[in-house]
Amino acid sequence: MASNSEEDLLCPVCQEIFKDPVVLSCSHSFCRACLQKCPCCQRKSSRTDPPRNLALKNLCEAFLRDGERRAAAGSEHMCSLHGEKLQLFCLDHQELICLVCRDSRTHSNHRFRPIDEAAQDIRQELQRDLTPLWEKLTIFQQVTGDCIYTADYLPVQARETENKIRQEFQTLHQFLDQEEKARVEALWEEEEQKSRAMKEKVEALTRDMDALSDTIRATETELRAGDVSLLLNREVATGRVRQGPVLQDPEPVPGALIDVAKHLGNLTFNIWNKMKNMLGYSPVILDPNTADPELLVSDDLLNVKFVGLRDLPSNPERTRFPGTILGSEGVKSGIHTWIVDVGGNADWEVGILEADGGDTTELRRWRISLNDGRYKALAGSGSAQDLQVGEPHKIIVHLDFEEGELSFLDLETEPVMHTFTHTFTGVMFPYVYTRSSDPLEILTFKASVTIPSWAGQVPGPDPEP
C-alpha cells in the first residue's frame, strides 16, 4: 500500500509516479503522455500545450531519489552462517564476516578491518592497478591515432611519389623523343642526299647515252648511203665516230644505299652513352621516412635542409635524433664511399650510426660536425675532439667495414680530416644532421660501363646528326 505522500505523486491515469507532469487550467496534473482530456472533471483543456508543473516534477524526482537511497540502505548483506549483519573484513581469509564469525574458532588470531577501511584499501589498490591500464590505453589511443593519420597520409604520399616518378620519366621520354627525332631526321636526310645524287647520276648517264645514240644513228645513216656519198662524206663520218665523246664504261655508285649499320648498330648503347651525361648514381639515397619532421628532402632524395616542424605521421622508422635523416640502406660488410656537399651550411653532422634490432642508439654513432664555428669528431656520447681543418665543402666518407676504419676526407685538398677505428659488427646506416636552411647534398657519380679488353676500343658518341 502506497503511503499518503506517494499517493500524492501518482498520475491519476497511469497510477505511476508523474513523468513530465503538466497542469491544466482546471488545476489537475497529469503525465504529458497520459493527457487527452481531464479524467477528473471530464473537461477539455483550452490549451493545446499545457504548461509543465515544475514543482510537482521536482517533488517526484526527489521522492524517487529518496526511494533509491532507502532501498540501498535496506539491502544490507547478512552472514549466511549466523544471519547477522556483515561488519568486518577478514584479511587472512579475504572475506566479509559478522561479529559472531570474528569470535569463532575459524577466524582465531586473524586480522580484521572495518568494511569501510577494507573497501578503501581495495579502492586504492585497484586505483594503483588501474593506473598502468590507463597509461596503456593512452598508448593505444596514440598509436591508433597515428595509424589513422598514416592511413590518411598514405594516398597523399602515393600521389606525390607518383607525380615525381612521372616527372622523371617525362624527362627521359623527352630525351628519347628528341634523340629519336634527330636520328630519324638523319636517316631521311641521308636518303634525300643519296636519292639526289642517284638522280643526278642517272641524268648524267642519260645525257651520255643520248649523245652516244646520236653518233650511232648518224654513222648508221652514212653506212646506208651509196658508195659515192659515203666516200664524199668519209672524213665527216670518220671524225664523228673517232672524235666523238670518249666514254668509259659506267661503274656502280659506291655507298649508294642507306648506311643501315650506322643508324642501327649499337643503337641503344650509343643512346645510353649520350644519356649517361644527364644521369648519375648515388651510393647513398636519403630515406624521407626516417627524417626528422623539421627536415625537407628534395624530390631526388639527395638534398635535405631544415624548414621547421611539419605535420607528418609518427612512424617507427623515423629517427629519434632531432635534425637527422638516415640513408635508405644499411651496410654490414665491404668498402663504401660517398660524398656529402655541406656547402655554406654552418650547422651539420656527417657520419654513420648502427642499427640494433631496427632501432638506432646514441652510443653507436661516429661522425664529424661543424657547430658554432668549430669542427669536431665525436664517437657515441663521449667527449668531442676538436679538428684542425680548413673549411671543407665536399666531404668524402670512406667506410672499410672489415678493416674497422671510418675516414673523412676533404674532396678538394684530400687530406684526411679524421679516422675512427672500431670493430663494426651491426648494420651501419649513413646519416646527416642539419639545423640550417642551407642544404646538405649527397653527390652523384657519373655512370660508366666497362667493356672487355678483347672487345676493342669503345667508339665515342656518334656525331650529332
# chains A, B, ... in the order shown; residues from 1 in each chain; ligands from 1

call {"tool": "residues_around", "arguments": {"residues": "region 316-318 of chain A", "least_positions_apart": "4", "cutoff": "12 Å", "atoms": "only C-alpha atoms", "output": "PDB file with all heavy atoms, in the first residue's frame"}}
result
ATOM      1  N   VAL A 143      48.664   5.359 -30.605  1.00  0.00           N
ATOM      2  CA  VAL A 143      49.052   4.560 -31.765  1.00  0.00           C
ATOM      3  C   VAL A 143      47.894   4.465 -32.759  1.00  0.00           C
ATOM      4  O   VAL A 143      48.099   4.532 -33.974  1.00  0.00           O
ATOM      5  CB  VAL A 143      49.508   3.152 -31.319  1.00  0.00           C
ATOM      6  CG1 VAL A 143      49.752   2.260 -32.529  1.00  0.00           C
ATOM      7  CG2 VAL A 143      50.765   3.255 -30.472  1.00  0.00           C
ATOM      8  N   ASP A 146      47.827   7.608 -34.605  1.00  0.00           N
ATOM      9  CA  ASP A 146      48.914   7.623 -35.590  1.00  0.00           C
ATOM     10  C   ASP A 146      48.569   6.768 -36.795  1.00  0.00           C
ATOM     11  O   ASP A 146      48.849   7.143 -37.943  1.00  0.00           O
ATOM     12  CB  ASP A 146      50.216   7.124 -34.949  1.00  0.00           C
ATOM     13  CG  ASP A 146      50.764   8.093 -33.903  1.00  0.00           C
ATOM     14  OD1 ASP A 146      50.367   9.275 -33.948  1.00  0.00           O
ATOM     15  OD2 ASP A 146      51.570   7.667 -33.053  1.00  0.00           O
ATOM     16  N   CYS A 147      47.957   5.599 -36.543  1.00  0.00           N
ATOM     17  CA  CYS A 147      47.585   4.715 -37.648  1.00  0.00           C
ATOM     18  C   CYS A 147      46.520   5.357 -38.538  1.00  0.00           C
ATOM     19  O   CYS A 147      46.577   5.263 -39.770  1.00  0.00           O
ATOM     20  CB  CYS A 147      47.082   3.369 -37.116  1.00  0.00           C
ATOM     21  SG  CYS A 147      48.370   2.348 -36.353  1.00  0.00           S
ATOM     22  N   THR A 150      48.238   8.005 -40.481  1.00  0.00           N
ATOM     23  CA  THR A 150      49.074   7.387 -41.512  1.00  0.00           C
ATOM     24  C   THR A 150      48.219   6.900 -42.671  1.00  0.00           C
ATOM     25  O   THR A 150      48.591   7.053 -43.844  1.00  0.00           O
ATOM     26  CB  THR A 150      49.872   6.214 -40.917  1.00  0.00           C
ATOM     27  OG1 THR A 150      50.725   6.704 -39.871  1.00  0.00           O
ATOM     28  CG2 THR A 150      50.730   5.536 -41.977  1.00  0.00           C
ATOM     29  N   ASP A 287      66.409   8.571 -46.944  1.00  0.00           N
ATOM     30  CA  ASP A 287      65.089   7.962 -46.733  1.00  0.00           C
ATOM     31  C   ASP A 287      64.179   8.969 -46.029  1.00  0.00           C
ATOM     32  O   ASP A 287      64.343   9.225 -44.833  1.00  0.00           O
ATOM     33  CB  ASP A 287      65.230   6.697 -45.885  1.00  0.00           C
ATOM     34  CG  ASP A 287      63.909   5.957 -45.732  1.00  0.00           C
ATOM     35  OD1 ASP A 287      62.883   6.459 -46.215  1.00  0.00           O
ATOM     36  OD2 ASP A 287      63.909   4.872 -45.122  1.00  0.00           O
ATOM     37  N   PRO A 288      63.200   9.561 -46.734  1.00  0.00           N
ATOM     38  CA  PRO A 288      62.336  10.573 -46.096  1.00  0.00           C
ATOM     39  C   PRO A 288      61.512  10.020 -44.945  1.00  0.00           C
ATOM     40  O   PRO A 288      61.088  10.776 -44.074  1.00  0.00           O
ATOM     41  CB  PRO A 288      61.454  11.055 -47.249  1.00  0.00           C
ATOM     42  CG  PRO A 288      61.493   9.955 -48.248  1.00  0.00           C
ATOM     43  CD  PRO A 288      62.849   9.321 -48.122  1.00  0.00           C
ATOM     44  N   ASN A 289      61.282   8.684 -44.921  1.00  0.00           N
ATOM     45  CA  ASN A 289      60.512   8.095 -43.823  1.00  0.00           C
ATOM     46  C   ASN A 289      61.279   8.096 -42.513  1.00  0.00           C
ATOM     47  O   ASN A 289      60.695   7.863 -41.455  1.00  0.00           O
ATOM     48  CB  ASN A 289      60.107   6.668 -44.179  1.00  0.00           C
ATOM     49  CG  ASN A 289      59.085   6.625 -45.296  1.00  0.00           C
ATOM     50  OD1 ASN A 289      58.412   7.607 -45.575  1.00  0.00           O
ATOM     51  ND2 ASN A 289      58.977   5.487 -45.952  1.00  0.00           N
ATOM     52  N   THR A 290      62.605   8.327 -42.559  1.00  0.00           N
ATOM     53  CA  THR A 290      63.410   8.384 -41.339  1.00  0.00           C
ATOM     54  C   THR A 290      63.697   9.818 -40.916  1.00  0.00           C
ATOM     55  O   THR A 290      64.291  10.031 -39.862  1.00  0.00           O
ATOM     56  CB  THR A 290      64.756   7.662 -41.541  1.00  0.00           C
ATOM     57  OG1 THR A 290      65.563   8.402 -42.475  1.00  0.00           O
ATOM     58  CG2 THR A 290      64.544   6.260 -42.068  1.00  0.00           C
ATOM     59  N   ALA A 291      63.286  10.790 -41.721  1.00  0.00           N
ATOM     60  CA  ALA A 291      63.686  12.181 -41.484  1.00  0.00           C
ATOM     61  C   ALA A 291      62.938  12.788 -40.307  1.00  0.00           C
ATOM     62  O   ALA A 291      61.747  12.527 -40.099  1.00  0.00           O
ATOM     63  CB  ALA A 291      63.446  13.019 -42.734  1.00  0.00           C
ATOM     64  N   ASP A 292      63.655  13.605 -39.536  1.00  0.00           N
ATOM     65  CA  ASP A 292      63.019  14.434 -38.524  1.00  0.00           C
ATOM     66  C   ASP A 292      61.978  15.316 -39.225  1.00  0.00           C
ATOM     67  O   ASP A 292      62.239  15.836 -40.316  1.00  0.00           O
ATOM     68  CB  ASP A 292      64.087  15.298 -37.841  1.00  0.00           C
ATOM     69  CG  ASP A 292      63.492  16.275 -36.838  1.00  0.00           C
ATOM     70  OD1 ASP A 292      62.469  15.945 -36.219  1.00  0.00           O
ATOM     71  OD2 ASP A 292      64.042  17.383 -36.674  1.00  0.00           O
ATOM     72  N   PRO A 293      60.756  15.469 -38.656  1.00  0.00           N
ATOM     73  CA  PRO A 293      59.713  16.259 -39.323  1.00  0.00           C
ATOM     74  C   PRO A 293      60.110  17.701 -39.629  1.00  0.00           C
ATOM     75  O   PRO A 293      59.425  18.366 -40.412  1.00  0.00           O
ATOM     76  CB  PRO A 293      58.547  16.210 -38.322  1.00  0.00           C
ATOM     77  CG  PRO A 293      58.750  14.956 -37.553  1.00  0.00           C
ATOM     78  CD  PRO A 293      60.240  14.814 -37.426  1.00  0.00           C
ATOM     79  N   GLU A 294      61.205  18.181 -39.045  1.00  0.00           N
ATOM     80  CA  GLU A 294      61.639  19.545 -39.327  1.00  0.00           C
ATOM     81  C   GLU A 294      62.520  19.627 -40.575  1.00  0.00           C
ATOM     82  O   GLU A 294      62.925  20.714 -40.970  1.00  0.00           O
ATOM     83  CB  GLU A 294      62.398  20.110 -38.129  1.00  0.00           C
ATOM     84  CG  GLU A 294      61.531  20.272 -36.892  1.00  0.00           C
ATOM     85  CD  GLU A 294      62.259  20.911 -35.721  1.00  0.00           C
ATOM     86  OE1 GLU A 294      63.473  20.672 -35.579  1.00  0.00           O
ATOM     87  OE2 GLU A 294      61.621  21.656 -34.971  1.00  0.00           O
ATOM     88  N   LEU A 295      62.800  18.486 -41.202  1.00  0.00           N
ATOM     89  CA  LEU A 295      63.650  18.453 -42.389  1.00  0.00           C
ATOM     90  C   LEU A 295      62.803  18.253 -43.644  1.00  0.00           C
ATOM     91  O   LEU A 295      61.785  17.573 -43.616  1.00  0.00           O
ATOM     92  CB  LEU A 295      64.681  17.330 -42.290  1.00  0.00           C
ATOM     93  CG  LEU A 295      65.684  17.407 -41.132  1.00  0.00           C
ATOM     94  CD1 LEU A 295      66.648  16.240 -41.193  1.00  0.00           C
ATOM     95  CD2 LEU A 295      66.442  18.727 -41.151  1.00  0.00           C
ATOM     96  N   LEU A 312      53.662  15.361 -40.018  1.00  0.00           N
ATOM     97  CA  LEU A 312      53.927  14.090 -40.663  1.00  0.00           C
ATOM     98  C   LEU A 312      53.558  12.949 -39.723  1.00  0.00           C
ATOM     99  O   LEU A 312      53.543  13.130 -38.503  1.00  0.00           O
ATOM    100  CB  LEU A 312      55.410  13.980 -41.051  1.00  0.00           C
ATOM    101  CG  LEU A 312      55.923  14.982 -42.086  1.00  0.00           C
ATOM    102  CD1 LEU A 312      57.428  14.834 -42.251  1.00  0.00           C
ATOM    103  CD2 LEU A 312      55.225  14.794 -43.422  1.00  0.00           C
ATOM    104  N   PRO A 322      66.948  14.632 -33.237  1.00  0.00           N
ATOM    105  CA  PRO A 322      66.467  15.843 -33.914  1.00  0.00           C
ATOM    106  C   PRO A 322      67.378  16.234 -35.069  1.00  0.00           C
ATOM    107  O   PRO A 322      68.591  16.075 -35.013  1.00  0.00           O
ATOM    108  CB  PRO A 322      66.493  16.902 -32.808  1.00  0.00           C
ATOM    109  CG  PRO A 322      66.477  16.126 -31.520  1.00  0.00           C
ATOM    110  CD  PRO A 322      67.202  14.853 -31.802  1.00  0.00           C
ATOM    111  N   GLY A 323      66.766  16.736 -36.144  1.00  0.00           N
ATOM    112  CA  GLY A 323      67.527  17.246 -37.269  1.00  0.00           C
ATOM    113  C   GLY A 323      68.275  16.204 -38.064  1.00  0.00           C
ATOM    114  O   GLY A 323      69.198  16.541 -38.805  1.00  0.00           O
ATOM    115  N   THR A 324      67.886  14.929 -37.958  1.00  0.00           N
ATOM    116  CA  THR A 324      68.662  13.834 -38.550  1.00  0.00           C
ATOM    117  C   THR A 324      67.831  13.066 -39.575  1.00  0.00           C
ATOM    118  O   THR A 324      66.621  12.929 -39.427  1.00  0.00           O
ATOM    119  CB  THR A 324      69.132  12.866 -37.450  1.00  0.00           C
ATOM    120  OG1 THR A 324      69.961  13.584 -36.532  1.00  0.00           O
ATOM    121  CG2 THR A 324      69.943  11.722 -38.027  1.00  0.00           C
ATOM    122  N   ILE A 325      68.520  12.564 -40.601  1.00  0.00           N
ATOM    123  CA  ILE A 325      67.910  11.688 -41.596  1.00  0.00           C
ATOM    124  C   ILE A 325      68.914  10.599 -41.941  1.00  0.00           C
ATOM    125  O   ILE A 325      70.127  10.838 -41.980  1.00  0.00           O
ATOM    126  CB  ILE A 325      67.489  12.464 -42.865  1.00  0.00           C
ATOM    127  CG1 ILE A 325      66.808  11.526 -43.863  1.00  0.00           C
ATOM    128  CG2 ILE A 325      68.668  13.172 -43.509  1.00  0.00           C
ATOM    129  CD1 ILE A 325      66.203  12.245 -45.059  1.00  0.00           C
ATOM    130  N   LEU A 326      68.407   9.374 -42.178  1.00  0.00           N
ATOM    131  CA  LEU A 326      69.262   8.228 -42.459  1.00  0.00           C
ATOM    132  C   LEU A 326      69.273   7.915 -43.950  1.00  0.00           C
ATOM    133  O   LEU A 326      68.372   8.297 -44.691  1.00  0.00           O
ATOM    134  CB  LEU A 326      68.774   6.988 -41.705  1.00  0.00           C
ATOM    135  CG  LEU A 326      68.566   7.092 -40.196  1.00  0.00           C
ATOM    136  CD1 LEU A 326      68.183   5.734 -39.634  1.00  0.00           C
ATOM    137  CD2 LEU A 326      69.803   7.627 -39.505  1.00  0.00           C
ATOM    138  N   GLY A 327      70.296   7.171 -44.360  1.00  0.00           N
ATOM    139  CA  GLY A 327      70.310   6.596 -45.691  1.00  0.00           C
ATOM    140  C   GLY A 327      69.282   5.488 -45.779  1.00  0.00           C
ATOM    141  O   GLY A 327      68.895   4.885 -44.773  1.00  0.00           O
ATOM    142  N   SER A 328      68.835   5.190 -46.993  1.00  0.00           N
ATOM    143  CA  SER A 328      67.762   4.208 -47.158  1.00  0.00           C
ATOM    144  C   SER A 328      68.232   2.786 -46.942  1.00  0.00           C
ATOM    145  O   SER A 328      67.411   1.903 -46.673  1.00  0.00           O
ATOM    146  CB  SER A 328      67.156   4.336 -48.557  1.00  0.00           C
ATOM    147  OG  SER A 328      68.144   4.088 -49.542  1.00  0.00           O
ATOM    148  N   ALA A 355      72.398   0.332 -36.377  1.00  0.00           N
ATOM    149  CA  ALA A 355      71.039  -0.094 -36.053  1.00  0.00           C
ATOM    150  C   ALA A 355      71.105  -1.352 -35.220  1.00  0.00           C
ATOM    151  O   ALA A 355      71.850  -2.279 -35.530  1.00  0.00           O
ATOM    152  CB  ALA A 355      70.240  -0.345 -37.324  1.00  0.00           C
ATOM    153  N   GLY A 357      68.545  -4.065 -33.950  1.00  0.00           N
ATOM    154  CA  GLY A 357      67.174  -4.577 -33.945  1.00  0.00           C
ATOM    155  C   GLY A 357      66.177  -3.591 -34.496  1.00  0.00           C
ATOM    156  O   GLY A 357      65.052  -3.521 -34.040  1.00  0.00           O
ATOM    157  N   GLY A 358      66.601  -2.785 -35.471  1.00  0.00           N
ATOM    158  CA  GLY A 358      65.708  -1.811 -36.069  1.00  0.00           C
ATOM    159  C   GLY A 358      65.768  -0.461 -35.389  1.00  0.00           C
ATOM    160  O   GLY A 358      65.265   0.527 -35.914  1.00  0.00           O
ATOM    161  N   ASP A 359      66.388  -0.379 -34.207  1.00  0.00           N
ATOM    162  CA  ASP A 359      66.497   0.888 -33.500  1.00  0.00           C
ATOM    163  C   ASP A 359      67.904   1.439 -33.721  1.00  0.00           C
ATOM    164  O   ASP A 359      68.815   0.744 -34.138  1.00  0.00           O
ATOM    165  CB  ASP A 359      66.221   0.682 -32.005  1.00  0.00           C
ATOM    166  CG  ASP A 359      66.028   2.015 -31.295  1.00  0.00           C
ATOM    167  OD1 ASP A 359      65.916   3.043 -31.990  1.00  0.00           O
ATOM    168  OD2 ASP A 359      66.001   2.010 -30.059  1.00  0.00           O
ATOM    169  N   THR A 360      68.066   2.719 -33.420  1.00  0.00           N
ATOM    170  CA  THR A 360      69.381   3.341 -33.519  1.00  0.00           C
ATOM    171  C   THR A 360      69.723   3.932 -32.161  1.00  0.00           C
ATOM    172  O   THR A 360      68.861   4.453 -31.456  1.00  0.00           O
ATOM    173  CB  THR A 360      69.382   4.439 -34.583  1.00  0.00           C
ATOM    174  OG1 THR A 360      68.290   5.332 -34.346  1.00  0.00           O
ATOM    175  CG2 THR A 360      69.236   3.842 -35.974  1.00  0.00           C
TER     176      THR A 360
END

call {"tool": "closest_atom_pairs", "arguments": {"of": "region 117-227 of chain A", "to": "region 261-282 of chain A", "cutoff": "9 Å", "atoms": "only C-alpha atoms", "output": "tab-separated table"}}
result
residue	atom	partner	partner_atom	distance
A:Leu172	CA	A:Met275	CA	8.8
A:Phe175	CA	A:Met275	CA	7.9
A:Leu176	CA	A:Ile271	CA	8.2
A:Glu179	CA	A:Ile271	CA	7.6
A:Arg183	CA	A:His263	CA	7.4
A:Val184	CA	A:His263	CA	8.8
A:Ala186	CA	A:His263	CA	8.6
A:Leu187	CA	A:His263	CA	7.2

call {"tool": "write_last_selection", "arguments": {"atoms": "N, CA and C atoms", "output": "short mmCIF file (atom, residue, chain, number, x, y, z; two decimals), in the first residue's frame"}}
result
data_model
loop_
_atom_site.label_atom_id
_atom_site.label_comp_id
_atom_site.auth_asym_id
_atom_site.auth_seq_id
_atom_site.Cartn_x
_atom_site.Cartn_y
_atom_site.Cartn_z
N LEU A 172 63.02 11.56 -69.19
CA LEU A 172 63.60 10.52 -70.03
C LEU A 172 62.88 10.42 -71.37
N PHE A 175 63.98 13.26 -73.59
CA PHE A 175 65.30 12.99 -74.17
C PHE A 175 65.21 11.96 -75.29
N LEU A 176 64.49 10.86 -75.02
CA LEU A 176 64.37 9.81 -76.03
C LEU A 176 63.60 10.29 -77.25
N GLU A 179 65.99 12.38 -79.19
CA GLU A 179 67.00 11.54 -79.82
C GLU A 179 66.39 10.77 -80.99
N ARG A 183 67.59 11.16 -84.90
CA ARG A 183 68.11 10.03 -85.65
C ARG A 183 67.23 9.72 -86.87
N VAL A 184 65.94 9.87 -86.74
CA VAL A 184 65.07 9.66 -87.90
C VAL A 184 65.32 10.74 -88.95
N ALA A 186 68.12 12.30 -89.38
CA ALA A 186 69.41 11.99 -90.00
C ALA A 186 69.25 10.90 -91.06
N LEU A 187 68.40 9.90 -90.75
CA LEU A 187 68.16 8.84 -91.71
C LEU A 187 67.56 9.39 -93.00
#

call {"tool": "select_by_dssp", "arguments": {"residues": "region 244-405 of chain A", "states": "strand (DSSP E or B)", "output": "PyMOL selection string"}}
result
chain A and resi 280-281+286+295-297+303-306+324-327+331+335-341+348-356+359-371+374-379+385-386+394-400+405

call {"tool": "closest_residue", "arguments": {"among": "A:Gly382, A:Pro155, A:Gly351, A:Pro392", "to": "Thr419 (chain A)", "atoms": "only C-alpha atoms"}}
result
A:Gly351

call {"tool": "atom_distance", "arguments": {"atom1": "CA of Leu411 (chain A)", "atom2": "CA of Ile395 (chain A)"}}
result
5.6 Å

call {"tool": "residues_around", "arguments": {"residues": "Arg435 (chain A)", "least_positions_apart": "5", "cutoff": "8 Å", "atoms": "only C-alpha atoms", "output": "PyMOL selection string"}}
result
chain A and resi 305-306+323+347-348

call {"tool": "select_by_dssp", "arguments": {"residues": "region 90-256 of chain A", "states": "helix (DSSP H, G or I)", "output": "VMD selection string"}}
result
chain A and resid 99 to 103 105 to 107 115 to 224 227 to 232 234 to 242

call {"tool": "closest_residue", "arguments": {"among": "A:Ser104, A:Thr434, A:Asn303, A:Thr425", "to": "Val331 (chain A)", "atoms": "only C-alpha atoms"}}
result
A:Thr425

call {"tool": "closest_residue", "arguments": {"among": "A:Glu220, A:Glu402, A:Asp386, A:Asp341", "to": "Ile442 (chain A)", "atoms": "only C-alpha atoms"}}
result
A:Asp341

call {"tool": "closest_residue", "arguments": {"among": "A:Gln142, A:Ser314, A:Gln388, A:Ser333", "to": "Met428 (chain A)", "atoms": "only C-alpha atoms"}}
result
A:Ser333

call {"tool": "residues_around", "arguments": {"residues": "Arg113 (chain A)", "least_positions_apart": "3", "cutoff": "9 Å", "atoms": "only C-alpha atoms", "output": "PDB file with N, CA, C and O atoms, in the first residue's frame"}}
result
ATOM      1  N   GLN A  87      29.959  -6.944   9.086  1.00  0.00           N
ATOM      2  CA  GLN A  87      30.536  -5.671   9.525  1.00  0.00           C
ATOM      3  C   GLN A  87      32.062  -5.624   9.398  1.00  0.00           C
ATOM      4  O   GLN A  87      32.649  -4.545   9.462  1.00  0.00           O
ATOM      5  N   LEU A  88      32.694  -6.784   9.210  1.00  0.00           N
ATOM      6  CA  LEU A  88      34.163  -6.818   9.192  1.00  0.00           C
ATOM      7  C   LEU A  88      34.662  -7.539   7.934  1.00  0.00           C
ATOM      8  O   LEU A  88      33.922  -8.278   7.283  1.00  0.00           O
ATOM      9  N   PHE A  89      35.944  -7.316   7.634  1.00  0.00           N
ATOM     10  CA  PHE A  89      36.603  -7.991   6.515  1.00  0.00           C
ATOM     11  C   PHE A  89      37.821  -8.710   7.060  1.00  0.00           C
ATOM     12  O   PHE A  89      38.710  -8.100   7.663  1.00  0.00           O
ATOM     13  N   CYS A  90      37.872 -10.038   6.891  1.00  0.00           N
ATOM     14  CA  CYS A  90      38.995 -10.833   7.372  1.00  0.00           C
ATOM     15  C   CYS A  90      40.135 -10.752   6.360  1.00  0.00           C
ATOM     16  O   CYS A  90      39.989 -11.167   5.206  1.00  0.00           O
ATOM     17  N   LEU A  91      41.267 -10.189   6.770  1.00  0.00           N
ATOM     18  CA  LEU A  91      42.408 -10.030   5.881  1.00  0.00           C
ATOM     19  C   LEU A  91      43.056 -11.361   5.544  1.00  0.00           C
ATOM     20  O   LEU A  91      43.625 -11.522   4.471  1.00  0.00           O
ATOM     21  N   ASP A 116      34.455  -0.378   5.742  1.00  0.00           N
ATOM     22  CA  ASP A 116      34.776   0.841   5.002  1.00  0.00           C
ATOM     23  C   ASP A 116      36.284   1.001   4.806  1.00  0.00           C
ATOM     24  O   ASP A 116      36.756   1.433   3.745  1.00  0.00           O
ATOM     25  N   GLU A 117      37.093   0.615   5.838  1.00  0.00           N
ATOM     26  CA  GLU A 117      38.541   0.722   5.695  1.00  0.00           C
ATOM     27  C   GLU A 117      39.073  -0.306   4.686  1.00  0.00           C
ATOM     28  O   GLU A 117      39.945   0.001   3.861  1.00  0.00           O
ATOM     29  N   ALA A 118      38.524  -1.539   4.781  1.00  0.00           N
ATOM     30  CA  ALA A 118      38.956  -2.559   3.832  1.00  0.00           C
ATOM     31  C   ALA A 118      38.586  -2.172   2.405  1.00  0.00           C
ATOM     32  O   ALA A 118      39.365  -2.369   1.467  1.00  0.00           O
TER      33      ALA A 118
END
